[in-house]
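Q: Contents of protein31.cif (mmCIF, C-alpha atoms) are given next:
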data_structure
loop_
_atom_site.label_atom_id
_atom_site.label_comp_id
_atom_site.auth_asym_id
_atom_site.auth_seq_id
_atom_site.Cartn_x
_atom_site.Cartn_y
_atom_site.Cartn_z
CA MET A 316 -36.75 6.38 -27.86
CA THR A 317 -38.58 5.79 -24.61
CA PRO A 318 -36.66 5.26 -21.44
CA SER A 319 -36.48 1.62 -20.45
CA PRO A 320 -37.92 0.67 -17.09
CA GLY A 321 -34.67 -1.02 -16.04
CA PRO A 322 -32.36 0.29 -13.33
CA PRO A 323 -31.03 3.80 -13.98
CA ALA A 324 -27.61 4.10 -15.52
CA PRO A 325 -24.94 4.56 -12.88
CA LEU A 326 -23.89 8.13 -12.33
CA PRO A 327 -20.25 8.84 -13.01
CA ARG A 328 -18.42 8.71 -9.74
CA ARG A 329 -15.62 11.00 -8.70
CA ARG A 330 -12.81 9.40 -6.79
CA ARG A 331 -13.05 10.52 -3.24
CA ARG A 332 -9.82 12.02 -2.02
CA THR A 333 -9.96 11.22 1.63
CA GLY A 334 -11.97 9.06 3.91
CA SER A 335 -13.33 5.64 3.30
CA LEU A 336 -13.38 3.37 0.32
CA PRO A 337 -16.14 4.04 -2.22
CA PRO A 338 -18.72 1.28 -1.97
CA SER A 339 -18.51 -1.60 -4.42
CA THR A 340 -20.64 -4.67 -5.04
CA PHE A 341 -17.78 -6.82 -3.77
CA GLN A 342 -17.73 -5.00 -0.42
CA ALA A 343 -21.48 -5.21 -0.12
CA ALA A 344 -21.36 -8.97 -0.68
CA LEU A 345 -18.41 -9.33 1.68
CA GLY A 346 -20.13 -7.34 4.42
CA GLU A 347 -23.25 -9.47 4.10
CA LEU A 348 -21.31 -12.74 4.21
CA CYS A 349 -19.32 -11.58 7.23
CA ALA A 350 -22.51 -10.61 9.02
CA GLN A 351 -23.86 -14.11 8.37
CA GLY A 352 -20.71 -15.69 9.75
CA ALA A 353 -20.09 -17.46 6.45
CA THR A 354 -17.16 -19.71 5.60
CA GLY A 355 -15.92 -19.90 2.02
CA ALA A 356 -14.38 -17.90 -0.78
CA LEU A 357 -15.88 -14.82 -2.44
CA THR A 358 -14.33 -14.59 -5.89
CA GLY A 359 -14.36 -12.03 -8.67
CA PRO A 360 -12.10 -11.56 -11.70
CA ALA A 361 -9.67 -9.31 -9.77
CA GLY A 362 -9.36 -11.42 -6.66
CA SER A 363 -10.81 -13.60 -3.93
CA VAL A 364 -11.35 -13.11 -0.24
CA TYR A 365 -11.54 -16.16 2.02
CA LEU A 366 -13.75 -16.16 5.08
CA THR A 367 -13.85 -18.39 8.12
CA ASP A 368 -16.84 -17.93 10.41
CA GLY A 369 -17.39 -14.43 9.05
CA ALA A 370 -13.79 -13.23 9.46
CA VAL A 371 -11.41 -12.52 6.60
CA VAL A 372 -8.50 -14.96 6.82
CA HIS A 373 -6.89 -14.74 3.40
CA ALA A 374 -7.05 -12.91 0.07
CA GLU A 375 -5.63 -13.61 -3.36
CA SER A 376 -5.54 -11.54 -6.52
CA PRO A 377 -4.08 -12.14 -9.96
CA LEU A 378 -2.84 -8.53 -9.73
CA ALA A 379 -0.91 -9.01 -6.48
CA PRO A 380 2.11 -11.27 -6.00
CA ASP A 381 1.42 -14.29 -3.82
CA VAL A 382 3.26 -15.22 -0.65
CA GLU A 383 5.76 -17.45 -2.44
CA THR A 384 6.69 -14.64 -4.83
CA LEU A 385 7.17 -12.19 -1.97
CA LEU A 386 9.20 -14.70 0.03
CA ALA A 387 11.42 -15.37 -2.94
CA GLY A 388 11.89 -11.67 -3.53
CA ASP A 389 14.31 -9.02 -2.46
CA ARG A 390 17.68 -10.21 -1.32
CA ARG A 391 17.58 -13.66 -2.82
CA PRO A 392 18.21 -14.23 -6.51
CA PRO A 393 15.16 -15.44 -8.42
CA PRO A 394 14.95 -19.23 -8.42
CA PRO A 395 15.27 -21.11 -11.71
CA ALA A 396 11.97 -22.00 -13.31
CA GLY A 397 10.33 -24.99 -11.68
CA ALA A 398 12.59 -24.85 -8.64
CA GLN A 399 11.14 -24.76 -5.17
CA THR A 400 11.16 -21.57 -3.17
CA PRO A 401 14.74 -21.32 -1.95
CA ALA A 402 15.29 -22.79 1.47
CA ALA A 403 11.57 -22.88 2.11
CA GLY A 404 12.11 -24.97 5.21
CA LEU A 405 14.67 -22.55 6.59
CA LEU A 406 12.48 -19.50 6.39
CA GLY A 407 11.22 -18.45 9.76
CA ALA A 408 7.60 -19.04 10.46
CA CYS A 409 7.32 -15.41 11.49
CA GLU A 410 8.70 -14.14 8.24
CA ARG A 411 6.19 -16.28 6.39
CA GLU A 412 3.43 -14.83 8.54
CA LEU A 413 4.53 -11.28 7.85
CA CYS A 414 4.66 -11.99 4.12
CA GLN A 415 1.25 -13.60 4.30
CA LEU A 416 -0.17 -10.53 6.01
CA SER A 417 1.40 -8.26 3.39
CA ALA A 418 0.01 -10.47 0.63
CA LEU A 419 -3.45 -10.43 2.20
CA LEU A 420 -3.54 -6.63 2.32
CA ASP A 421 -2.11 -6.42 -1.18
CA ALA A 422 -4.70 -8.75 -2.70
CA ALA A 423 -7.55 -7.20 -0.72
CA TYR A 424 -6.66 -3.83 -2.23
CA PHE A 425 -7.61 -5.12 -5.68
CA ALA A 426 -10.38 -7.50 -4.61
CA LEU A 427 -12.39 -4.98 -2.59
CA GLN A 428 -12.54 -2.43 -5.39
CA GLN A 429 -14.32 -4.82 -7.76
CA ASP A 430 -17.59 -3.23 -8.71
CA ARG A 431 -20.28 -4.71 -10.93
CA ALA A 432 -18.11 -7.72 -11.60
CA PRO A 433 -19.51 -11.25 -11.64
CA LEU A 434 -18.99 -12.64 -8.15
CA THR A 435 -19.24 -16.19 -6.93
CA PHE A 436 -19.24 -17.55 -3.40
CA ARG A 437 -18.14 -21.09 -2.78
CA THR A 438 -19.19 -22.28 0.64
CA GLY A 439 -16.64 -24.14 2.69
CA GLN A 440 -13.78 -23.37 0.32
CA PRO A 441 -10.69 -23.33 2.55
CA PRO A 442 -7.80 -20.98 1.76
CA ARG A 443 -4.76 -22.55 0.13
CA LEU A 444 -2.63 -21.42 3.05
CA ALA A 445 -3.34 -21.82 6.72
CA ALA A 446 -4.90 -18.68 8.15
CA VAL A 447 -2.53 -16.36 9.96
CA HIS A 448 -4.66 -13.49 11.02
CA ALA A 449 -8.39 -12.94 11.04
CA LEU A 450 -9.73 -9.50 10.18
CA SER A 451 -13.22 -8.10 10.18
CA ALA A 452 -14.67 -6.87 6.89
CA ASP A 453 -14.81 -3.35 8.36
CA ALA A 454 -11.14 -3.36 9.35
CA LEU A 455 -10.18 -4.56 5.88
CA ARG A 456 -12.35 -1.94 4.18
CA GLU A 457 -10.81 0.76 6.32
CA ALA A 458 -7.29 -0.42 5.56
CA VAL A 459 -7.93 -0.46 1.81
CA GLY A 460 -9.59 2.97 2.03
CA GLN A 461 -6.53 4.35 3.78
CA ARG A 462 -4.28 2.92 1.10
CA LEU A 463 -6.39 4.50 -1.65
CA ALA A 464 -6.31 7.86 0.15
CA LEU A 465 -2.53 7.59 0.47
CA LEU A 466 -2.14 7.01 -3.29
CA ASP A 467 -4.39 9.97 -4.05
CA ARG A 468 -2.41 12.22 -1.75
CA VAL A 469 0.76 11.36 -3.66
CA TRP A 470 -0.57 11.87 -7.19
CA PRO A 471 -4.33 11.92 -7.83
CA TRP A 472 -4.26 10.21 -11.22
CA PRO A 473 -5.68 6.69 -10.75
CA ASP A 474 -5.04 5.90 -14.43
CA VAL A 475 -1.37 5.55 -13.59
CA ASP A 476 -2.13 2.35 -11.67
CA THR A 477 -3.42 0.38 -14.61
CA ALA A 478 -1.59 1.85 -17.59
CA ALA A 479 1.69 0.56 -18.97
CA VAL A 480 4.50 2.37 -17.20
CA THR A 481 6.61 4.51 -19.49
CA CYS A 482 9.79 6.11 -18.25
CA HIS A 483 10.01 9.79 -19.10
CA HIS A 484 13.45 9.63 -20.64
CA ARG A 485 13.88 13.33 -21.19
CA GLN A 486 13.32 14.03 -17.51
CA ALA A 487 15.29 11.00 -16.40
CA ALA A 488 18.22 11.99 -18.59
CA ARG A 489 18.53 15.28 -16.76
CA GLY A 490 19.22 13.26 -13.64
CA ARG A 491 18.24 16.06 -11.32
CA ARG A 492 15.25 14.44 -9.75
CA LEU A 493 16.47 10.94 -10.39
CA ALA A 494 19.39 11.37 -8.02
CA VAL A 495 17.18 11.73 -4.95
CA ARG A 496 15.13 8.63 -5.68
CA PRO A 497 15.74 5.54 -3.57
CA ALA A 498 17.21 2.41 -5.15
CA ARG A 499 13.79 0.78 -4.90
CA GLN A 500 12.34 3.32 -7.34
CA HIS A 501 15.33 3.05 -9.64
CA ALA A 502 14.47 -0.63 -10.04
CA VAL A 503 10.88 0.31 -10.91
CA LEU A 504 12.12 2.79 -13.51
CA ALA A 505 14.46 0.18 -14.97
CA ALA A 506 11.52 -2.22 -15.32
CA ALA A 507 9.33 0.42 -16.98
CA ASP A 508 9.56 -0.64 -20.61
CA GLY A 509 6.35 0.98 -21.79
CA LEU A 510 4.57 -2.39 -21.80
CA ARG A 511 4.44 -3.57 -18.21
CA THR A 512 1.75 -2.32 -15.87
CA PRO A 513 2.54 -1.62 -12.19
CA PRO A 514 1.19 -5.03 -11.04
CA GLU A 515 3.39 -6.72 -13.65
CA ILE A 516 6.41 -4.78 -12.43
CA ALA A 517 5.60 -5.84 -8.86
CA ARG A 518 5.56 -9.47 -9.94
CA LEU A 519 8.79 -9.08 -11.88
CA LEU A 520 10.55 -7.47 -8.92
CA ARG A 521 8.81 -9.83 -6.46
CA ARG A 522 7.52 -6.93 -4.45
CA SER A 523 4.29 -5.82 -2.92
CA ALA A 524 1.86 -4.62 -5.58
CA PHE A 525 0.68 -1.73 -3.42
CA GLY A 526 4.26 -0.70 -2.67
CA THR A 527 4.90 -0.62 -6.40
CA LEU A 528 1.75 1.43 -7.04
CA LEU A 529 2.99 3.90 -4.46
CA ASP A 530 6.42 4.06 -6.11
CA VAL A 531 4.87 4.52 -9.54
CA ARG A 532 2.66 7.36 -8.35
CA GLN A 533 5.60 9.04 -6.64
CA LEU A 534 7.66 8.73 -9.82
CA ALA A 535 4.76 10.08 -11.87
CA ALA A 536 4.41 13.00 -9.46
CA ALA A 537 8.10 13.72 -9.94
CA GLY A 538 7.62 13.68 -13.70
CA LEU A 539 9.86 10.66 -14.18
CA ILE A 540 7.04 8.46 -15.42
CA GLU A 541 4.49 9.52 -17.99
CA THR A 542 1.00 10.08 -16.70
CA PRO A 543 -1.67 8.86 -19.15
CA GLY A 544 -3.69 11.81 -20.34
CA LEU A 545 -0.79 14.12 -19.64
CA ARG A 546 1.19 12.72 -22.53
CA ALA A 547 2.91 15.18 -24.82
CA VAL A 548 1.14 15.71 -28.11
CA PRO A 549 2.96 15.51 -31.44
CA SER A 550 4.52 18.73 -32.62
CA ALA A 551 1.91 18.93 -35.38
CA ALA A 552 -0.66 19.70 -32.71
CA PRO A 553 -3.43 22.21 -33.43
CA ASP A 554 -2.89 25.87 -32.87
CA PRO A 555 -2.06 26.26 -29.17
CA ILE A 556 -3.74 29.66 -29.11
CA ALA A 557 -7.09 28.09 -29.99
CA PRO A 558 -9.50 28.69 -27.11
CA ALA A 559 -9.90 25.87 -24.66
CA PRO A 560 -13.25 24.09 -24.79
CA ALA A 561 -15.59 25.54 -22.23
CA VAL A 562 -15.81 23.28 -19.20
CA PRO A 563 -18.75 24.14 -16.96
CA ASP A 564 -17.27 22.62 -13.82
CA ARG A 565 -13.71 22.29 -12.73
CA PRO A 566 -12.69 19.02 -14.36
CA PRO A 567 -11.66 16.33 -11.93
CA PRO A 568 -8.42 14.48 -12.39
CA PRO A 569 -7.56 12.55 -14.48
CA LEU A 570 -7.46 15.18 -17.15
CA SER A 571 -9.58 14.59 -20.16
CA ARG A 572 -7.98 14.73 -23.54
CA THR A 573 -10.09 17.72 -24.53
CA GLU A 574 -8.11 19.90 -22.14
CA PRO A 575 -5.76 22.45 -23.58
CA ARG A 576 -2.65 20.65 -24.64
CA HIS A 577 0.52 21.19 -22.72
CA ASP A 578 3.95 19.84 -23.23
CA PRO A 579 4.55 18.18 -19.86
CA SER A 580 8.12 17.44 -20.76
CA ASP A 581 8.74 21.15 -20.25
CA PRO A 582 9.82 21.28 -16.60
CA GLU A 583 7.97 24.56 -15.99
CA VAL A 584 4.72 23.14 -17.34
CA ALA A 585 5.23 19.90 -15.42
CA LEU A 586 5.74 21.88 -12.23
CA LEU A 587 2.57 23.88 -12.79
CA LEU A 588 0.60 20.72 -13.52
CA ARG A 589 1.87 19.10 -10.34
CA LEU A 590 1.02 22.23 -8.35
CA ARG A 591 -2.47 22.21 -9.76
CA ALA A 592 -2.89 18.54 -8.96
CA ALA A 593 -1.71 19.11 -5.41
CA LEU A 594 -4.08 22.05 -4.98
CA GLU A 595 -6.99 20.10 -6.37
CA ALA A 596 -6.22 17.25 -4.05
CA LYS A 597 -6.42 19.62 -1.08
CA LEU A 598 -9.71 21.23 -2.08
CA MET B 668 -1.25 -15.76 14.57
CA PRO B 669 0.90 -17.87 16.84
CA ASN B 670 4.39 -16.65 16.03
CA THR B 671 3.96 -12.92 15.70
CA ASP B 672 1.59 -13.04 18.67
CA MET B 673 4.30 -14.72 20.65
CA SER B 674 6.73 -11.97 19.69
CA LEU B 675 4.31 -9.35 20.97
CA LYS B 676 3.90 -11.30 24.22
CA ASP B 677 7.66 -11.55 24.46
CA ALA B 678 7.93 -7.77 24.10
CA MET B 679 5.35 -7.11 26.80
CA SER B 680 6.88 -9.55 29.27
CA SER B 681 10.59 -8.97 28.68
CA ILE B 682 10.67 -5.18 28.39
CA ASP B 683 10.39 -3.34 31.69
CA GLY B 684 7.74 -0.65 31.77
CA ALA B 685 6.03 -1.81 28.56
CA LEU B 686 2.53 -0.34 28.36
CA GLY B 687 1.58 -1.73 24.99
CA VAL B 688 3.00 -3.05 21.76
CA ALA B 689 1.61 -3.23 18.25
CA LEU B 690 2.59 -4.57 14.85
CA VAL B 691 1.38 -2.07 12.27
CA ASP B 692 1.19 -1.78 8.49
CA TYR B 693 2.27 1.79 7.71
CA ASN B 694 0.67 1.92 4.29
CA SER B 695 -2.78 1.50 5.72
CA GLY B 696 -2.30 2.33 9.39
CA MET B 697 -3.86 -0.98 10.31
CA ALA B 698 -2.68 -2.72 13.47
CA LEU B 699 -2.14 -6.37 12.58
CA GLY B 700 -1.59 -7.32 16.18
CA THR B 701 -1.73 -5.46 19.49
CA LEU B 702 -1.07 -6.37 23.09
CA GLY B 703 -1.48 -4.27 26.21
CA GLY B 704 -2.78 -0.74 26.02
CA GLY B 705 -6.04 0.07 27.73
CA PRO B 706 -8.47 2.92 28.18
CA GLU B 707 -5.67 5.48 28.53
CA LEU B 708 -3.75 4.19 25.50
CA ASP B 709 -5.77 2.96 22.52
CA LEU B 710 -3.17 1.06 20.53
CA THR B 711 -5.28 0.93 17.36
CA VAL B 712 -5.54 4.71 17.33
CA ALA B 713 -1.85 5.06 18.19
CA ALA B 714 -0.97 2.69 15.36
CA ALA B 715 -2.94 4.68 12.79
CA GLY B 716 -1.56 8.00 14.04
CA ASN B 717 2.04 6.91 14.02
CA THR B 718 2.03 5.69 10.43
CA ASP B 719 2.41 9.32 9.32
CA VAL B 720 5.46 9.68 11.54
CA VAL B 721 7.07 6.60 10.03
CA ARG B 722 6.24 7.52 6.46
CA ALA B 723 7.48 11.09 6.87
CA LYS B 724 10.78 9.98 8.35
CA LEU B 725 11.33 7.24 5.76
CA ARG B 726 10.71 9.82 3.06
CA ALA B 727 13.08 12.32 4.66
CA ILE B 728 15.84 9.72 4.81
CA GLU B 729 15.23 8.81 1.16
CA ILE B 730 15.44 12.43 0.06
CA LEU B 731 18.62 13.01 2.05
CA ASN B 732 20.06 10.12 0.07
CA LEU B 733 22.21 9.00 2.97
CA GLY B 734 21.97 5.36 2.00
CA GLU B 735 20.93 4.54 5.53
CA SER B 736 17.89 2.85 6.93
CA ILE B 737 15.93 3.70 10.06
CA GLU B 738 16.69 1.46 12.98
CA ASP B 739 14.24 3.04 15.36
CA ILE B 740 12.42 6.30 16.12
CA LEU B 741 12.09 7.55 19.69
CA ILE B 742 9.39 9.93 20.80
CA THR B 743 9.68 11.22 24.36
CA LEU B 744 6.53 12.32 26.15
CA SER B 745 6.40 13.73 29.66
CA SER B 746 5.49 10.35 31.16
CA GLN B 747 6.03 7.87 28.32
CA TYR B 748 8.47 6.80 25.67
CA HIS B 749 7.16 5.69 22.30
CA LEU B 750 9.57 3.55 20.35
CA ILE B 751 8.99 2.76 16.67
CA ARG B 752 10.97 0.17 14.79
CA PRO B 753 10.33 -0.31 11.04
CA LEU B 754 10.76 -3.93 9.95
CA THR B 755 13.16 -4.07 7.07
CA SER B 756 12.93 -7.70 6.12
CA ARG B 757 11.53 -8.09 2.67
CA ALA B 758 10.62 -6.00 -0.31
CA GLY B 759 7.04 -5.07 0.11
CA SER B 760 7.11 -5.27 3.85
CA SER B 761 5.63 -2.07 5.18
CA LEU B 762 5.40 -3.00 8.83
CA PHE B 763 6.67 -1.44 12.02
CA LEU B 764 6.73 -2.38 15.66
CA TYR B 765 5.34 0.20 18.04
CA LEU B 766 6.16 0.10 21.73
CA ALA B 767 4.83 2.41 24.44
CA LEU B 768 6.84 2.54 27.67
CA ASP B 769 6.32 4.04 31.10
CA ARG B 770 9.19 6.51 31.56
CA LYS B 771 9.46 5.89 35.30
CA ARG B 772 9.91 2.15 34.95
CA ALA B 773 11.62 1.80 31.58
CA ASN B 774 15.27 1.45 30.78
CA LEU B 775 15.56 2.92 27.32
CA ALA B 776 18.81 1.21 26.36
CA MET B 777 17.49 -2.17 27.45
CA ALA B 778 14.17 -1.59 25.73
CA ARG B 779 15.89 -0.77 22.44
CA HIS B 780 18.09 -3.82 22.79
CA GLN B 781 15.11 -6.09 23.47
CA LEU B 782 13.11 -4.63 20.59
CA ARG B 783 16.06 -5.25 18.27
CA ARG B 784 16.18 -8.85 19.44
CA ILE B 785 12.43 -9.29 18.93
CA GLU B 786 12.69 -7.86 15.44
CA SER B 787 15.51 -10.25 14.55
CA GLU B 788 13.44 -13.15 15.83
CA LEU B 789 10.50 -12.01 13.75
CA GLU B 790 12.57 -12.04 10.61
CA ILE B 791 14.74 -15.13 10.82
#
With the file now loaded, output its structure as structure tokens.
A:
Amino acid sequence: MTPSPGPPAPLPRRRRRTGSLPPSTFQAALGELCAQGATGALTGPAGSVYLTDGAVVHAESPLAPDVETLLAGDRRPPPPAGAQTPAAGLLGACERELCQLSALLDAAYFALQQDRAPLTFRTGQPPRLAAVHALSADALREAVGQRLALLDRVWPWPDVDTAAVTCHHRQAARGRRLAVRPARQHAVLAAADGLRTPPEIARLLRRSAFGTLLDVRQLAAAGLIETPGLRAVPSAAPDPIAPAPAVPDRPPPPLSRTEPRHDPSDPEVALLLRLRAALEAKL
Amino acid sequence: MPNTDMSLKDAMSSIDGALGVALVDYNSGMALGTLGGGPELDLTVAAAGNTDVVRAKLRAIEILNLGESIEDILITLSSQYHLIRPLTSRAGSSLFLYLALDRKRANLAMARHQLRRIESELEI
């Protein structure tokens, strides 16, 4: 088989642990449009960013709750289906602005990481909501990069963000670590039914998607939520004394399934795994 | 950003000795609005730097399991006060107000009172 003359296959990329956001096709397109002073909406499957005269004024993502969801969240009971946002007229304009800013950052987190996804740009497309705050593409990229770095500092297993969240009942039942968790994370644990992903839990709880990702990673780091790839193997597992497959380089997180199998429900093993993850994150 | 901008202007004009004020997202360290500051006090840099302070203290309070929330954090420098006030409005809100004051001109009790008022106006 002769090599095709097409573009070379992309090299596997390691997640960077600190610093700026890894480049994506979405960011490249966004940077170009901002430099041109464009007005319109850049859209991919995981979200859109709206520009006015080359400045980012709004962002939306199917993975992040919208402003209405955030406004309806927290202290108010969820409205009945089809009902208007409760007391929409009574909400302060400032509170709406703050929610809109949170929603922008939340959606941008997902939108900016889109790589090799089909992107469209519709010129002149105005955002659904009036612009609150204009940001440069660089400022937005930096903010998203900081958020990614923060998640990786907590628990460097990005798989946790997209997998269904499963509560680690054996650990939770012991109650030791559960007791020190804030009520916010208890709600996340209660919503973890093994089917919902973190963005779905955020929507259910009407909370920021990034805030929920952060909670989920903290819970995973505490061993209260299962980390994909760290899952316990059935007891009929192969001989544990069998030599581990030779790995030429230190394997990056997330762990591959060819690693020696551990039982992470064992608190000692879980502690060692967390220590290793923390050390790797520092190196 | 008319309304939150107005709140920042309010802070700068109504608080004696205010050197600069910023509204900051502590998950990303991004300043969503700043007013004041200058060559001797870069508010964008201060905003990014202080996010670690806020996060560390929020985490400490959570671990202590006191069931309390942070009203404000005071940092006293030799010639300035830095006052940090996390906004506790909505789930998902990860914002704080950051206020730098000149120690010679500021009245700390009044400044805290005014910042509390500005926060309540931001949220209602």
Q: Would you mind listing, as JSON, numbers by chain, all residues of chain A that have at least one atom within 9 Å of chain B, where only C-alpha atoms are what counts?
A: {"A": [385, 386, 388, 389, 390, 405, 406, 407, 408, 409, 410, 411, 412, 413, 414, 416, 417, 418, 420, 446, 447, 448, 449, 450, 454, 455, 457, 458, 459, 460, 461, 462, 463, 465, 494, 495, 496, 497, 499, 520, 521, 522, 523, 524, 525, 526, 527]}
Q: Ranking A:Pro514, A:Pro442, A:Gly544, A:Pro433 by minimum distance to A:Asp474 and counting all atoms listed in the file, which one comes first?
A: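 Under the stated criterion, the closest residue is A:Gly544.
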Q: Go ahead and compute the interatomic distance for atom CA of A:Thr354 and atom CA of A:Gln429, in Å to one decimal.
A: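 Between atom CA of A:Thr354 and atom CA of A:Gln429 the gap is 20.2 Å.
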Q: Compare A:Thr512, A:Ser376, A:Thr384, A:Gln440 by their minimum atom-to-atom distance to A:Ala353, counting all atoms listed in the file, and give me the closest one.
A: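 Among A:Thr512, A:Ser376, A:Thr384, A:Gln440, it is A:Gln440 that comes nearest to A:Ala353.
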Q: Could you check which of B:Asp677, B:Arg779, B:Leu750, B:Arg784 is closest to B:Leu766, using only C-alpha atoms?
A: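 Result for the nearest residue to B:Leu766: B:Leu750.
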Q: Could you please determine the separation between atom CA of B:Leu708 and atom CA of B:Gly687 in Å, to one decimal place?
A: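 Computed distance, atom CA of B:Leu708 to atom CA of B:Gly687, equals 8.0 Å.
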Q: Given the file above and the PyMOL selection byres ((chain A and resi 428) around 9), which residues are selected, and can you give them as an NGL selection string?
A: :A and (336-342 or 361 or 423-427 or 429-430 or 459)
Q: Using all atoms of stretch 708-726 of chain B listed in the file and a margin of 3 Å per side, can you give the axis-aligned box centre and edge lengths in Å to one decimal, as lines of an AutoDock Vina configuration file?
A:
center_x = 2.8
center_y = 6.0
center_z = 14.3
size_x = 23.1
size_y = 16.2
size_z = 28.4
Q: Looking at all atoms listed in the file, which of B:Val720, B:Leu675, B:Leu686, B:Ala767 is the one that sits closest to B:Thr701?
A: B:Leu675
Q: Please indicate the distance in Å from atom CA of B:Glu707 to atom CA of B:Ile737, rounded to one decimal place.
A: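 Here the two named atoms are 28.5 Å from each other.
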